[in-house]
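Shown next: input28.pdb, given as PDB, N, CA and C atoms.
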MODEL        1
ATOM      1  N   MET A   1      25.259  -3.238 -24.098
ATOM      2  CA  MET A   1      25.036  -2.524 -22.854
ATOM      3  C   MET A   1      25.316  -3.486 -21.708
ATOM      4  N   SER A   2      26.316  -3.223 -20.958
ATOM      5  CA  SER A   2      26.839  -4.171 -19.983
ATOM      6  C   SER A   2      25.912  -4.427 -18.811
ATOM      7  N   ASP A   3      25.169  -3.416 -18.348
ATOM      8  CA  ASP A   3      24.314  -3.608 -17.188
ATOM      9  C   ASP A   3      22.864  -3.872 -17.578
ATOM     10  N   ALA A   4      22.619  -4.243 -18.835
ATOM     11  CA  ALA A   4      21.268  -4.529 -19.307
ATOM     12  C   ALA A   4      20.773  -5.832 -18.683
ATOM     13  N   PRO A   5      19.491  -5.883 -18.348
ATOM     14  CA  PRO A   5      18.944  -7.102 -17.762
ATOM     15  C   PRO A   5      18.875  -8.218 -18.805
ATOM     16  N   GLU A   6      18.904  -9.478 -18.327
ATOM     17  CA  GLU A   6      18.739 -10.601 -19.231
ATOM     18  C   GLU A   6      17.268 -10.718 -19.571
ATOM     19  N   LEU A   7      16.975 -10.717 -20.861
ATOM     20  CA  LEU A   7      15.592 -10.753 -21.309
ATOM     21  C   LEU A   7      15.375 -11.887 -22.286
ATOM     22  N   LYS A   8      14.171 -12.416 -22.288
ATOM     23  CA  LYS A   8      13.777 -13.454 -23.235
ATOM     24  C   LYS A   8      12.738 -12.884 -24.190
ATOM     25  N   CYS A   9      12.788 -13.322 -25.419
ATOM     26  CA  CYS A   9      11.861 -12.890 -26.450
ATOM     27  C   CYS A   9      10.450 -13.382 -26.107
ATOM     28  N   PRO A  10       9.445 -12.487 -26.082
ATOM     29  CA  PRO A  10       8.085 -12.926 -25.783
ATOM     30  C   PRO A  10       7.466 -13.744 -26.924
ATOM     31  N   LYS A  11       8.088 -13.727 -28.085
ATOM     32  CA  LYS A  11       7.568 -14.449 -29.249
ATOM     33  C   LYS A  11       8.112 -15.872 -29.331
ATOM     34  N   CYS A  12       9.444 -16.034 -29.150
ATOM     35  CA  CYS A  12      10.042 -17.369 -29.342
ATOM     36  C   CYS A  12      10.832 -17.881 -28.137
ATOM     37  N   GLY A  13      11.125 -17.023 -27.149
ATOM     38  CA  GLY A  13      11.852 -17.460 -25.956
ATOM     39  C   GLY A  13      13.361 -17.346 -26.037
ATOM     40  N   ALA A  14      13.899 -16.940 -27.193
ATOM     41  CA  ALA A  14      15.348 -16.754 -27.322
ATOM     42  C   ALA A  14      15.773 -15.496 -26.552
ATOM     43  N   ASP A  15      17.067 -15.304 -26.419
ATOM     44  CA  ASP A  15      17.570 -14.111 -25.735
ATOM     45  C   ASP A  15      17.239 -12.855 -26.539
ATOM     46  N   LEU A  16      16.941 -11.769 -25.808
ATOM     47  CA  LEU A  16      16.773 -10.456 -26.425
ATOM     48  C   LEU A  16      18.020  -9.652 -26.158
ATOM     49  N   ARG A  17      18.448  -8.900 -27.144
ATOM     50  CA  ARG A  17      19.612  -8.025 -26.998
ATOM     51  C   ARG A  17      19.139  -6.585 -27.022
ATOM     52  N   LEU A  18      19.610  -5.817 -26.056
ATOM     53  CA  LEU A  18      19.292  -4.393 -26.010
ATOM     54  C   LEU A  18      20.416  -3.600 -26.650
ATOM     55  N   ASN A  19      20.060  -2.619 -27.462
ATOM     56  CA  ASN A  19      21.039  -1.671 -27.959
ATOM     57  C   ASN A  19      20.357  -0.315 -28.071
ATOM     58  N   ARG A  20      21.013   0.653 -28.662
ATOM     59  CA  ARG A  20      20.442   2.002 -28.660
ATOM     60  C   ARG A  20      19.184   2.119 -29.528
ATOM     61  N   GLY A  21      18.922   1.131 -30.396
ATOM     62  CA  GLY A  21      17.717   1.146 -31.220
ATOM     63  C   GLY A  21      16.521   0.480 -30.572
ATOM     64  N   GLY A  22      16.780  -0.438 -29.633
ATOM     65  CA  GLY A  22      15.689  -1.141 -28.967
ATOM     66  C   GLY A  22      16.115  -2.507 -28.477
ATOM     67  N   ALA A  23      15.149  -3.427 -28.427
ATOM     68  CA  ALA A  23      15.385  -4.807 -28.007
ATOM     69  C   ALA A  23      15.149  -5.706 -29.215
ATOM     70  N   PHE A  24      16.103  -6.595 -29.501
ATOM     71  CA  PHE A  24      16.044  -7.401 -30.707
ATOM     72  C   PHE A  24      16.293  -8.867 -30.377
ATOM     73  N   CYS A  25      15.487  -9.739 -30.972
ATOM     74  CA  CYS A  25      15.614 -11.174 -30.738
ATOM     75  C   CYS A  25      16.919 -11.683 -31.337
ATOM     76  N   SER A  26      17.626 -12.519 -30.578
ATOM     77  CA  SER A  26      18.878 -13.095 -31.058
ATOM     78  C   SER A  26      18.632 -14.184 -32.096
ATOM     79  N   ASN A  27      17.407 -14.679 -32.183
ATOM     80  CA  ASN A  27      17.024 -15.691 -33.168
ATOM     81  C   ASN A  27      16.468 -14.980 -34.407
ATOM     82  N   GLU A  28      17.289 -14.138 -34.995
ATOM     83  CA  GLU A  28      16.844 -13.254 -36.083
ATOM     84  C   GLU A  28      16.323 -14.021 -37.297
ATOM     85  N   ALA A  29      16.951 -15.130 -37.645
ATOM     86  CA  ALA A  29      16.566 -15.870 -38.849
ATOM     87  C   ALA A  29      15.157 -16.450 -38.754
ATOM     88  N   GLU A  30      14.777 -16.948 -37.577
ATOM     89  CA  GLU A  30      13.475 -17.598 -37.435
ATOM     90  C   GLU A  30      12.421 -16.707 -36.782
ATOM     91  N   CYS A  31      12.829 -15.763 -35.955
ATOM     92  CA  CYS A  31      11.868 -14.943 -35.220
ATOM     93  C   CYS A  31      11.921 -13.487 -35.682
ATOM     94  N   GLY A  32      13.048 -12.854 -35.413
ATOM     95  CA  GLY A  32      13.245 -11.486 -35.871
ATOM     96  C   GLY A  32      12.481 -10.411 -35.139
ATOM     97  N   LEU A  33      11.985 -10.690 -33.936
ATOM     98  CA  LEU A  33      11.236  -9.680 -33.178
ATOM     99  C   LEU A  33      12.091  -8.442 -32.931
ATOM    100  N   LYS A  34      11.493  -7.285 -33.152
ATOM    101  CA  LYS A  34      12.149  -6.006 -32.878
ATOM    102  C   LYS A  34      11.200  -5.158 -32.039
ATOM    103  N   VAL A  35      11.681  -4.677 -30.900
ATOM    104  CA  VAL A  35      10.915  -3.763 -30.056
ATOM    105  C   VAL A  35      11.673  -2.444 -30.082
ATOM    106  N   TRP A  36      11.174  -1.501 -30.853
ATOM    107  CA  TRP A  36      11.885  -0.241 -31.046
ATOM    108  C   TRP A  36      11.860   0.600 -29.793
ATOM    109  N   ARG A  37      12.956   1.274 -29.537
ATOM    110  CA  ARG A  37      13.113   2.108 -28.354
ATOM    111  C   ARG A  37      12.259   3.371 -28.430
ATOM    112  N   LYS A  38      12.037   3.878 -29.627
ATOM    113  CA  LYS A  38      11.317   5.138 -29.776
ATOM    114  C   LYS A  38       9.864   4.879 -30.165
ATOM    115  N   THR A  39       8.942   5.504 -29.427
ATOM    116  CA  THR A  39       7.523   5.440 -29.737
ATOM    117  C   THR A  39       6.893   6.784 -29.430
ATOM    118  N   SER A  40       6.072   7.274 -30.307
ATOM    119  CA  SER A  40       5.415   8.579 -30.144
ATOM    120  C   SER A  40       6.426   9.652 -29.760
ATOM    121  N   GLU A  41       7.559   9.630 -30.451
ATOM    122  CA  GLU A  41       8.660  10.580 -30.278
ATOM    123  C   GLU A  41       9.279  10.574 -28.884
ATOM    124  N   LYS A  42       9.116   9.458 -28.163
ATOM    125  CA  LYS A  42       9.692   9.300 -26.821
ATOM    126  C   LYS A  42      10.683   8.143 -26.849
ATOM    127  N   GLU A  43      11.897   8.398 -26.345
ATOM    128  CA  GLU A  43      12.919   7.350 -26.227
ATOM    129  C   GLU A  43      12.703   6.608 -24.908
ATOM    130  N   LEU A  44      12.491   5.309 -24.984
ATOM    131  CA  LEU A  44      12.306   4.496 -23.789
ATOM    132  C   LEU A  44      13.661   4.058 -23.244
ATOM    133  N   THR A  45      13.744   3.941 -21.934
ATOM    134  CA  THR A  45      14.973   3.503 -21.276
ATOM    135  C   THR A  45      15.097   1.983 -21.360
ATOM    136  N   ASP A  46      16.278   1.466 -21.025
ATOM    137  CA  ASP A  46      16.474   0.014 -20.971
ATOM    138  C   ASP A  46      15.487  -0.614 -20.000
ATOM    139  N   ASN A  47      15.306   0.022 -18.843
ATOM    140  CA  ASN A  47      14.391  -0.495 -17.830
ATOM    141  C   ASN A  47      12.960  -0.530 -18.363
ATOM    142  N   GLN A  48      12.536   0.521 -19.047
ATOM    143  CA  GLN A  48      11.188   0.546 -19.601
ATOM    144  C   GLN A  48      11.010  -0.550 -20.656
ATOM    145  N   LEU A  49      11.991  -0.713 -21.551
ATOM    146  CA  LEU A  49      11.928  -1.773 -22.557
ATOM    147  C   LEU A  49      11.844  -3.148 -21.902
ATOM    148  N   ALA A  50      12.664  -3.361 -20.895
ATOM    149  CA  ALA A  50      12.679  -4.648 -20.203
ATOM    150  C   ALA A  50      11.322  -4.934 -19.573
ATOM    151  N   ARG A  51      10.747  -3.955 -18.917
ATOM    152  CA  ARG A  51       9.440  -4.142 -18.281
ATOM    153  C   ARG A  51       8.359  -4.429 -19.319
ATOM    154  N   LEU A  52       8.420  -3.747 -20.457
ATOM    155  CA  LEU A  52       7.418  -3.957 -21.504
ATOM    156  C   LEU A  52       7.481  -5.360 -22.095
ATOM    157  N   VAL A  53       8.681  -5.842 -22.415
ATOM    158  CA  VAL A  53       8.778  -7.176 -23.019
ATOM    159  C   VAL A  53       8.473  -8.280 -22.010
ATOM    160  N   LYS A  54       8.525  -7.957 -20.725
ATOM    161  CA  LYS A  54       8.127  -8.915 -19.687
ATOM    162  C   LYS A  54       6.622  -8.903 -19.459
ATOM    163  N   GLY A  55       5.909  -8.028 -20.208
ATOM    164  CA  GLY A  55       4.450  -7.991 -20.114
ATOM    165  C   GLY A  55       3.887  -6.972 -19.140
ATOM    166  N   GLU A  56       4.726  -6.102 -18.603
ATOM    167  CA  GLU A  56       4.247  -5.101 -17.653
ATOM    168  C   GLU A  56       3.629  -3.897 -18.373
ATOM    169  N   LYS A  57       2.766  -3.207 -17.662
ATOM    170  CA  LYS A  57       2.197  -1.942 -18.134
ATOM    171  C   LYS A  57       2.942  -0.832 -17.401
ATOM    172  N   ILE A  58       3.443   0.152 -18.153
ATOM    173  CA  ILE A  58       4.214   1.223 -17.530
ATOM    174  C   ILE A  58       3.597   2.574 -17.859
ATOM    175  N   LEU A  59       3.746   3.513 -16.962
ATOM    176  CA  LEU A  59       3.275   4.877 -17.166
ATOM    177  C   LEU A  59       4.390   5.661 -17.849
ATOM    178  N   VAL A  60       4.061   6.279 -18.998
ATOM    179  CA  VAL A  60       5.060   7.027 -19.749
ATOM    180  C   VAL A  60       4.533   8.436 -19.983
ATOM    181  N   GLU A  61       5.326   9.417 -19.576
ATOM    182  CA  GLU A  61       5.003  10.822 -19.800
ATOM    183  C   GLU A  61       5.818  11.329 -20.979
ATOM    184  N   GLY A  62       5.338  12.374 -21.627
ATOM    185  CA  GLY A  62       6.098  13.007 -22.688
ATOM    186  C   GLY A  62       5.941  12.362 -24.057
ATOM    187  N   LEU A  63       4.900  11.543 -24.233
ATOM    188  CA  LEU A  63       4.608  10.990 -25.550
ATOM    189  C   LEU A  63       4.012  12.104 -26.401
ATOM    190  N   LYS A  64       4.167  12.031 -27.718
ATOM    191  CA  LYS A  64       3.684  13.098 -28.590
ATOM    192  C   LYS A  64       2.849  12.515 -29.725
ATOM    193  N   SER A  65       1.652  13.062 -29.900
ATOM    194  CA  SER A  65       0.746  12.612 -30.949
ATOM    195  C   SER A  65       1.281  13.011 -32.326
ATOM    196  N   LYS A  66       1.309  12.053 -33.247
ATOM    197  CA  LYS A  66       1.740  12.361 -34.611
ATOM    198  C   LYS A  66       0.705  13.213 -35.333
ATOM    199  N   LYS A  67      -0.576  13.026 -35.007
ATOM    200  CA  LYS A  67      -1.647  13.764 -35.677
ATOM    201  C   LYS A  67      -1.739  15.212 -35.216
ATOM    202  N   THR A  68      -1.776  15.405 -33.885
ATOM    203  CA  THR A  68      -2.025  16.750 -33.351
ATOM    204  C   THR A  68      -0.775  17.462 -32.867
ATOM    205  N   GLY A  69       0.291  16.702 -32.589
ATOM    206  CA  GLY A  69       1.508  17.297 -32.049
ATOM    207  C   GLY A  69       1.437  17.551 -30.555
ATOM    208  N   LYS A  70       0.314  17.190 -29.919
ATOM    209  CA  LYS A  70       0.160  17.409 -28.483
ATOM    210  C   LYS A  70       0.920  16.350 -27.692
ATOM    211  N   VAL A  71       1.477  16.781 -26.571
ATOM    212  CA  VAL A  71       2.197  15.889 -25.671
ATOM    213  C   VAL A  71       1.178  15.265 -24.717
ATOM    214  N   PHE A  72       1.335  13.959 -24.459
ATOM    215  CA  PHE A  72       0.383  13.268 -23.591
ATOM    216  C   PHE A  72       1.080  12.230 -22.726
ATOM    217  N   THR A  73       0.338  11.747 -21.737
ATOM    218  CA  THR A  73       0.777  10.694 -20.834
ATOM    219  C   THR A  73      -0.158   9.508 -21.024
ATOM    220  N   ALA A  74       0.388   8.300 -21.005
ATOM    221  CA  ALA A  74      -0.432   7.099 -21.144
ATOM    222  C   ALA A  74       0.273   5.918 -20.501
ATOM    223  N   TYR A  75      -0.520   4.903 -20.175
ATOM    224  CA  TYR A  75       0.062   3.623 -19.812
ATOM    225  C   TYR A  75       0.413   2.926 -21.116
ATOM    226  N   LEU A  76       1.568   2.321 -21.153
ATOM    227  CA  LEU A  76       2.053   1.672 -22.361
ATOM    228  C   LEU A  76       2.254   0.192 -22.077
ATOM    229  N   THR A  77       1.802  -0.642 -23.014
ATOM    230  CA  THR A  77       2.061  -2.079 -22.957
ATOM    231  C   THR A  77       2.568  -2.495 -24.330
ATOM    232  N   TYR A  78       3.126  -3.703 -24.369
ATOM    233  CA  TYR A  78       3.601  -4.245 -25.636
ATOM    234  C   TYR A  78       2.800  -5.503 -25.907
ATOM    235  N   ASP A  79       2.066  -5.521 -27.018
ATOM    236  CA  ASP A  79       1.209  -6.653 -27.358
ATOM    237  C   ASP A  79       2.029  -7.759 -28.007
ATOM    238  N   PRO A  80       2.193  -8.919 -27.337
ATOM    239  CA  PRO A  80       3.007  -9.994 -27.891
ATOM    240  C   PRO A  80       2.355 -10.696 -29.086
ATOM    241  N   ASP A  81       1.069 -10.425 -29.334
ATOM    242  CA  ASP A  81       0.393 -11.035 -30.481
ATOM    243  C   ASP A  81       0.594 -10.214 -31.753
ATOM    244  N   THR A  82       0.487  -8.897 -31.623
ATOM    245  CA  THR A  82       0.641  -8.029 -32.797
ATOM    246  C   THR A  82       2.029  -7.405 -32.872
ATOM    247  N   PHE A  83       2.778  -7.495 -31.760
ATOM    248  CA  PHE A  83       4.125  -6.933 -31.663
ATOM    249  C   PHE A  83       4.118  -5.421 -31.883
ATOM    250  N   LYS A  84       3.136  -4.773 -31.257
ATOM    251  CA  LYS A  84       3.014  -3.320 -31.330
ATOM    252  C   LYS A  84       2.759  -2.765 -29.936
ATOM    253  N   TYR A  85       3.052  -1.469 -29.776
ATOM    254  CA  TYR A  85       2.734  -0.784 -28.529
ATOM    255  C   TYR A  85       1.244  -0.509 -28.460
ATOM    256  N   LEU A  86       0.684  -0.631 -27.263
ATOM    257  CA  LEU A  86      -0.708  -0.287 -27.012
ATOM    258  C   LEU A  86      -0.745   0.807 -25.963
ATOM    259  N   TYR A  87      -1.636   1.778 -26.149
ATOM    260  CA  TYR A  87      -1.773   2.902 -25.231
ATOM    261  C   TYR A  87      -3.070   2.756 -24.455
ATOM    262  N   ASP A  88      -2.992   2.989 -23.152
ATOM    263  CA  ASP A  88      -4.159   2.897 -22.275
ATOM    264  C   ASP A  88      -4.243   4.195 -21.485
ATOM    265  N   PHE A  89      -5.392   4.853 -21.556
ATOM    266  CA  PHE A  89      -5.558   6.146 -20.892
ATOM    267  C   PHE A  89      -6.419   6.062 -19.638
ATOM    268  N   GLU A  90      -6.939   4.883 -19.323
ATOM    269  CA  GLU A  90      -7.797   4.732 -18.151
ATOM    270  C   GLU A  90      -6.972   4.728 -16.870
ATOM    271  N   GLY A  91      -7.494   5.424 -15.856
ATOM    272  CA  GLY A  91      -6.863   5.429 -14.550
ATOM    273  C   GLY A  91      -5.584   6.229 -14.451
ATOM    274  N   LEU A  92      -5.391   7.169 -15.388
ATOM    275  CA  LEU A  92      -4.186   8.005 -15.325
ATOM    276  C   LEU A  92      -4.217   8.878 -14.078
ATOM    277  N   PRO A  93      -3.069   9.087 -13.443
ATOM    278  CA  PRO A  93      -3.027   9.985 -12.282
ATOM    279  C   PRO A  93      -3.430  11.398 -12.701
ATOM    280  N   GLN A  94      -4.188  12.058 -11.844
ATOM    281  CA  GLN A  94      -4.604  13.430 -12.120
ATOM    282  C   GLN A  94      -3.440  14.382 -11.869
ATOM    283  N   LYS A  95      -3.305  15.363 -12.750
ATOM    284  CA  LYS A  95      -2.275  16.374 -12.543
ATOM    285  C   LYS A  95      -2.713  17.276 -11.399
ATOM    286  N   SER A  96      -1.764  17.656 -10.562
ATOM    287  CA  SER A  96      -2.115  18.559  -9.464
ATOM    288  C   SER A  96      -2.492  19.911 -10.050
ATOM    289  N   GLY A  97      -3.571  20.472  -9.528
ATOM    290  CA  GLY A  97      -4.023  21.776  -9.996
ATOM    291  C   GLY A  97      -4.907  21.704 -11.218
ATOM    292  N   SER A  98      -5.201  20.477 -11.722
ATOM    293  CA  SER A  98      -6.073  20.397 -12.885
ATOM    294  C   SER A  98      -7.520  20.540 -12.458
ATOM    295  N   LYS A  99      -8.315  21.133 -13.312
ATOM    296  CA  LYS A  99      -9.715  21.364 -13.009
ATOM    297  C   LYS A  99     -10.553  20.313 -13.695
ATOM    298  N   GLY A 100     -11.648  19.933 -13.064
ATOM    299  CA  GLY A 100     -12.577  18.973 -13.665
ATOM    300  C   GLY A 100     -13.276  19.595 -14.860
ATOM    301  N   ARG A 101     -13.730  18.764 -15.763
ATOM    302  CA  ARG A 101     -14.400  19.278 -16.975
ATOM    303  C   ARG A 101     -15.860  19.094 -16.906
TER     304      ARG A 101
ENDMDL
END
Represent the structure contained in this file as C-alpha cells.
Amino acid sequence: MSDAPELKCPKCGADLRLNRGGAFCSNEAECGLKVWRKTSEKELTDNQLARLVKGEKILVEGLKSKKTGKVFTAYLTYDPDTFKYLYDFEGLPQKSGSKGR
C-alpha cells in the first residue's frame, strides 16, 4: 500500500508492513507480530490499524458480537503485552434520541 504510514512494531521495533490482512512485523523470524485487520466482523482501515499499533484508543462503530450477533460500538485498543484487541465501553458517546434506562 503506497500511501501507508511508516510504522514500527510495538513488540520489537522493526518495521511493520500493512496489507489487506493487517499489519505484520518485517522481523518475522524473531518477532512475527501480526495485527489482523478484521475484529468482531469489522474491517479496520489502514489509519485505524496505524493508530492502534501506536498505542492510541479509537472509537469503532459496527462491531458485531460473536455470541449474540448484536452490533455494538466500543473504544478499541491493542494490548502490546498480550497482542490482542481490548474493548472499552466506558465513556461512549450517547446516541441521539436514546432514552435513559
Spell out the residues picked by the PyMOL selection byres (((chain A and resi 22 and name CA) around 12) and name CA) here, as JSON, numbers by chain. {"A": [1, 4, 16, 17, 18, 19, 20, 21, 23, 24, 25, 33, 34, 35, 36, 37, 38, 39, 43, 44, 45, 46, 47, 48, 49, 50, 52, 53]}
Where does the PyMOL selection byres ((chain A and resi 63) around 8) land in this file, that is, which residues does it pick, as number ranges by chain? A: 39-43, 60-62, 64-66, 69-74
Write the selection just made, keeping N, CA and C atoms, as a compact mmCIF listing (two decimals), keeping the file's coordinate frame?
# COMPACT_ATOMS: atom_id res chain seq x y z
N THR A 39 8.94 5.50 -29.43
CA THR A 39 7.52 5.44 -29.74
C THR A 39 6.89 6.78 -29.43
N SER A 40 6.07 7.27 -30.31
CA SER A 40 5.42 8.58 -30.14
C SER A 40 6.43 9.65 -29.76
N GLU A 41 7.56 9.63 -30.45
CA GLU A 41 8.66 10.58 -30.28
C GLU A 41 9.28 10.57 -28.88
N LYS A 42 9.12 9.46 -28.16
CA LYS A 42 9.69 9.30 -26.82
C LYS A 42 10.68 8.14 -26.85
N GLU A 43 11.90 8.40 -26.34
CA GLU A 43 12.92 7.35 -26.23
C GLU A 43 12.70 6.61 -24.91
N VAL A 60 4.06 6.28 -19.00
CA VAL A 60 5.06 7.03 -19.75
C VAL A 60 4.53 8.44 -19.98
N GLU A 61 5.33 9.42 -19.58
CA GLU A 61 5.00 10.82 -19.80
C GLU A 61 5.82 11.33 -20.98
N GLY A 62 5.34 12.37 -21.63
CA GLY A 62 6.10 13.01 -22.69
C GLY A 62 5.94 12.36 -24.06
N LYS A 64 4.17 12.03 -27.72
CA LYS A 64 3.68 13.10 -28.59
C LYS A 64 2.85 12.52 -29.72
N SER A 65 1.65 13.06 -29.90
CA SER A 65 0.75 12.61 -30.95
C SER A 65 1.28 13.01 -32.33
N LYS A 66 1.31 12.05 -33.25
CA LYS A 66 1.74 12.36 -34.61
C LYS A 66 0.70 13.21 -35.33
N GLY A 69 0.29 16.70 -32.59
CA GLY A 69 1.51 17.30 -32.05
C GLY A 69 1.44 17.55 -30.56
N LYS A 70 0.31 17.19 -29.92
CA LYS A 70 0.16 17.41 -28.48
C LYS A 70 0.92 16.35 -27.69
N VAL A 71 1.48 16.78 -26.57
CA VAL A 71 2.20 15.89 -25.67
C VAL A 71 1.18 15.26 -24.72
N PHE A 72 1.34 13.96 -24.46
CA PHE A 72 0.38 13.27 -23.59
C PHE A 72 1.08 12.23 -22.73
N THR A 73 0.34 11.75 -21.74
CA THR A 73 0.78 10.69 -20.83
C THR A 73 -0.16 9.51 -21.02
N ALA A 74 0.39 8.30 -21.00
CA ALA A 74 -0.43 7.10 -21.14
C ALA A 74 0.27 5.92 -20.50
Among the residues of chain A, find those DSSP assigns to alpha helix (DSSP H) from the backbone and print them as an NGL selection string. :A and (46-53)
DSSP on the backbone: which residues in chain A end up as strand (DSSP E)? Give the answer as number ranges by chain. A: 7-8, 15-19, 22-25, 34-36, 38-39, 42-43, 58-64, 71-79, 84-88
For the residues selected in the previous step, produce a file with N, CA and C atoms as a CSV table (one decimal), keeping the file's coordinate frame.
chain,number,residue,atom,x,y,z
A,7,LEU,N,17.0,-10.7,-20.9
A,7,LEU,CA,15.6,-10.8,-21.3
A,7,LEU,C,15.4,-11.9,-22.3
A,8,LYS,N,14.2,-12.4,-22.3
A,8,LYS,CA,13.8,-13.5,-23.2
A,8,LYS,C,12.7,-12.9,-24.2
A,15,ASP,N,17.1,-15.3,-26.4
A,15,ASP,CA,17.6,-14.1,-25.7
A,15,ASP,C,17.2,-12.9,-26.5
A,16,LEU,N,16.9,-11.8,-25.8
A,16,LEU,CA,16.8,-10.5,-26.4
A,16,LEU,C,18.0,-9.7,-26.2
A,17,ARG,N,18.4,-8.9,-27.1
A,17,ARG,CA,19.6,-8.0,-27.0
A,17,ARG,C,19.1,-6.6,-27.0
A,18,LEU,N,19.6,-5.8,-26.1
A,18,LEU,CA,19.3,-4.4,-26.0
A,18,LEU,C,20.4,-3.6,-26.6
A,19,ASN,N,20.1,-2.6,-27.5
A,19,ASN,CA,21.0,-1.7,-28.0
A,19,ASN,C,20.4,-0.3,-28.1
A,22,GLY,N,16.8,-0.4,-29.6
A,22,GLY,CA,15.7,-1.1,-29.0
A,22,GLY,C,16.1,-2.5,-28.5
A,23,ALA,N,15.1,-3.4,-28.4
A,23,ALA,CA,15.4,-4.8,-28.0
A,23,ALA,C,15.1,-5.7,-29.2
A,24,PHE,N,16.1,-6.6,-29.5
A,24,PHE,CA,16.0,-7.4,-30.7
A,24,PHE,C,16.3,-8.9,-30.4
A,25,CYS,N,15.5,-9.7,-31.0
A,25,CYS,CA,15.6,-11.2,-30.7
A,25,CYS,C,16.9,-11.7,-31.3
A,34,LYS,N,11.5,-7.3,-33.2
A,34,LYS,CA,12.1,-6.0,-32.9
A,34,LYS,C,11.2,-5.2,-32.0
A,35,VAL,N,11.7,-4.7,-30.9
A,35,VAL,CA,10.9,-3.8,-30.1
A,35,VAL,C,11.7,-2.4,-30.1
A,36,TRP,N,11.2,-1.5,-30.9
A,36,TRP,CA,11.9,-0.2,-31.0
A,36,TRP,C,11.9,0.6,-29.8
A,38,LYS,N,12.0,3.9,-29.6
A,38,LYS,CA,11.3,5.1,-29.8
A,38,LYS,C,9.9,4.9,-30.2
A,39,THR,N,8.9,5.5,-29.4
A,39,THR,CA,7.5,5.4,-29.7
A,39,THR,C,6.9,6.8,-29.4
A,42,LYS,N,9.1,9.5,-28.2
A,42,LYS,CA,9.7,9.3,-26.8
A,42,LYS,C,10.7,8.1,-26.8
A,43,GLU,N,11.9,8.4,-26.3
A,43,GLU,CA,12.9,7.4,-26.2
A,43,GLU,C,12.7,6.6,-24.9
A,58,ILE,N,3.4,0.2,-18.2
A,58,ILE,CA,4.2,1.2,-17.5
A,58,ILE,C,3.6,2.6,-17.9
A,59,LEU,N,3.7,3.5,-17.0
A,59,LEU,CA,3.3,4.9,-17.2
A,59,LEU,C,4.4,5.7,-17.8
A,60,VAL,N,4.1,6.3,-19.0
A,60,VAL,CA,5.1,7.0,-19.7
A,60,VAL,C,4.5,8.4,-20.0
A,61,GLU,N,5.3,9.4,-19.6
A,61,GLU,CA,5.0,10.8,-19.8
A,61,GLU,C,5.8,11.3,-21.0
A,62,GLY,N,5.3,12.4,-21.6
A,62,GLY,CA,6.1,13.0,-22.7
A,62,GLY,C,5.9,12.4,-24.1
A,63,LEU,N,4.9,11.5,-24.2
A,63,LEU,CA,4.6,11.0,-25.6
A,63,LEU,C,4.0,12.1,-26.4
A,64,LYS,N,4.2,12.0,-27.7
A,64,LYS,CA,3.7,13.1,-28.6
A,64,LYS,C,2.8,12.5,-29.7
A,71,VAL,N,1.5,16.8,-26.6
A,71,VAL,CA,2.2,15.9,-25.7
A,71,VAL,C,1.2,15.3,-24.7
A,72,PHE,N,1.3,14.0,-24.5
A,72,PHE,CA,0.4,13.3,-23.6
A,72,PHE,C,1.1,12.2,-22.7
A,73,THR,N,0.3,11.7,-21.7
A,73,THR,CA,0.8,10.7,-20.8
A,73,THR,C,-0.2,9.5,-21.0
A,74,ALA,N,0.4,8.3,-21.0
A,74,ALA,CA,-0.4,7.1,-21.1
A,74,ALA,C,0.3,5.9,-20.5
A,75,TYR,N,-0.5,4.9,-20.2
A,75,TYR,CA,0.1,3.6,-19.8
A,75,TYR,C,0.4,2.9,-21.1
A,76,LEU,N,1.6,2.3,-21.2
A,76,LEU,CA,2.1,1.7,-22.4
A,76,LEU,C,2.3,0.2,-22.1
A,77,THR,N,1.8,-0.6,-23.0
A,77,THR,CA,2.1,-2.1,-23.0
A,77,THR,C,2.6,-2.5,-24.3
A,78,TYR,N,3.1,-3.7,-24.4
A,78,TYR,CA,3.6,-4.2,-25.6
A,78,TYR,C,2.8,-5.5,-25.9
A,79,ASP,N,2.1,-5.5,-27.0
A,79,ASP,CA,1.2,-6.7,-27.4
A,79,ASP,C,2.0,-7.8,-28.0
A,84,LYS,N,3.1,-4.8,-31.3
A,84,LYS,CA,3.0,-3.3,-31.3
A,84,LYS,C,2.8,-2.8,-29.9
A,85,TYR,N,3.1,-1.5,-29.8
A,85,TYR,CA,2.7,-0.8,-28.5
A,85,TYR,C,1.2,-0.5,-28.5
A,86,LEU,N,0.7,-0.6,-27.3
A,86,LEU,CA,-0.7,-0.3,-27.0
A,86,LEU,C,-0.7,0.8,-26.0
A,87,TYR,N,-1.6,1.8,-26.1
A,87,TYR,CA,-1.8,2.9,-25.2
A,87,TYR,C,-3.1,2.8,-24.5
A,88,ASP,N,-3.0,3.0,-23.2
A,88,ASP,CA,-4.2,2.9,-22.3
A,88,ASP,C,-4.2,4.2,-21.5
Straight-line distance linking CA of Pro10 in chain A with atom N of Glu90 in chain A, stated in Å to one decimal: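 Interatomic distance here is 24.2 Å.
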CA of Lys57 in chain A and atom N of Thr77 in chain A, how far apart in Å?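 Between atom N of Thr77 in chain A and CA of Lys57 in chain A the gap works out to 5.1 Å.
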A:Cys12, A:Leu59, A:Asp79, A:Gly91: which is nearest Gly32 in chain A, counting only N, CA and C atoms? A:Cys12
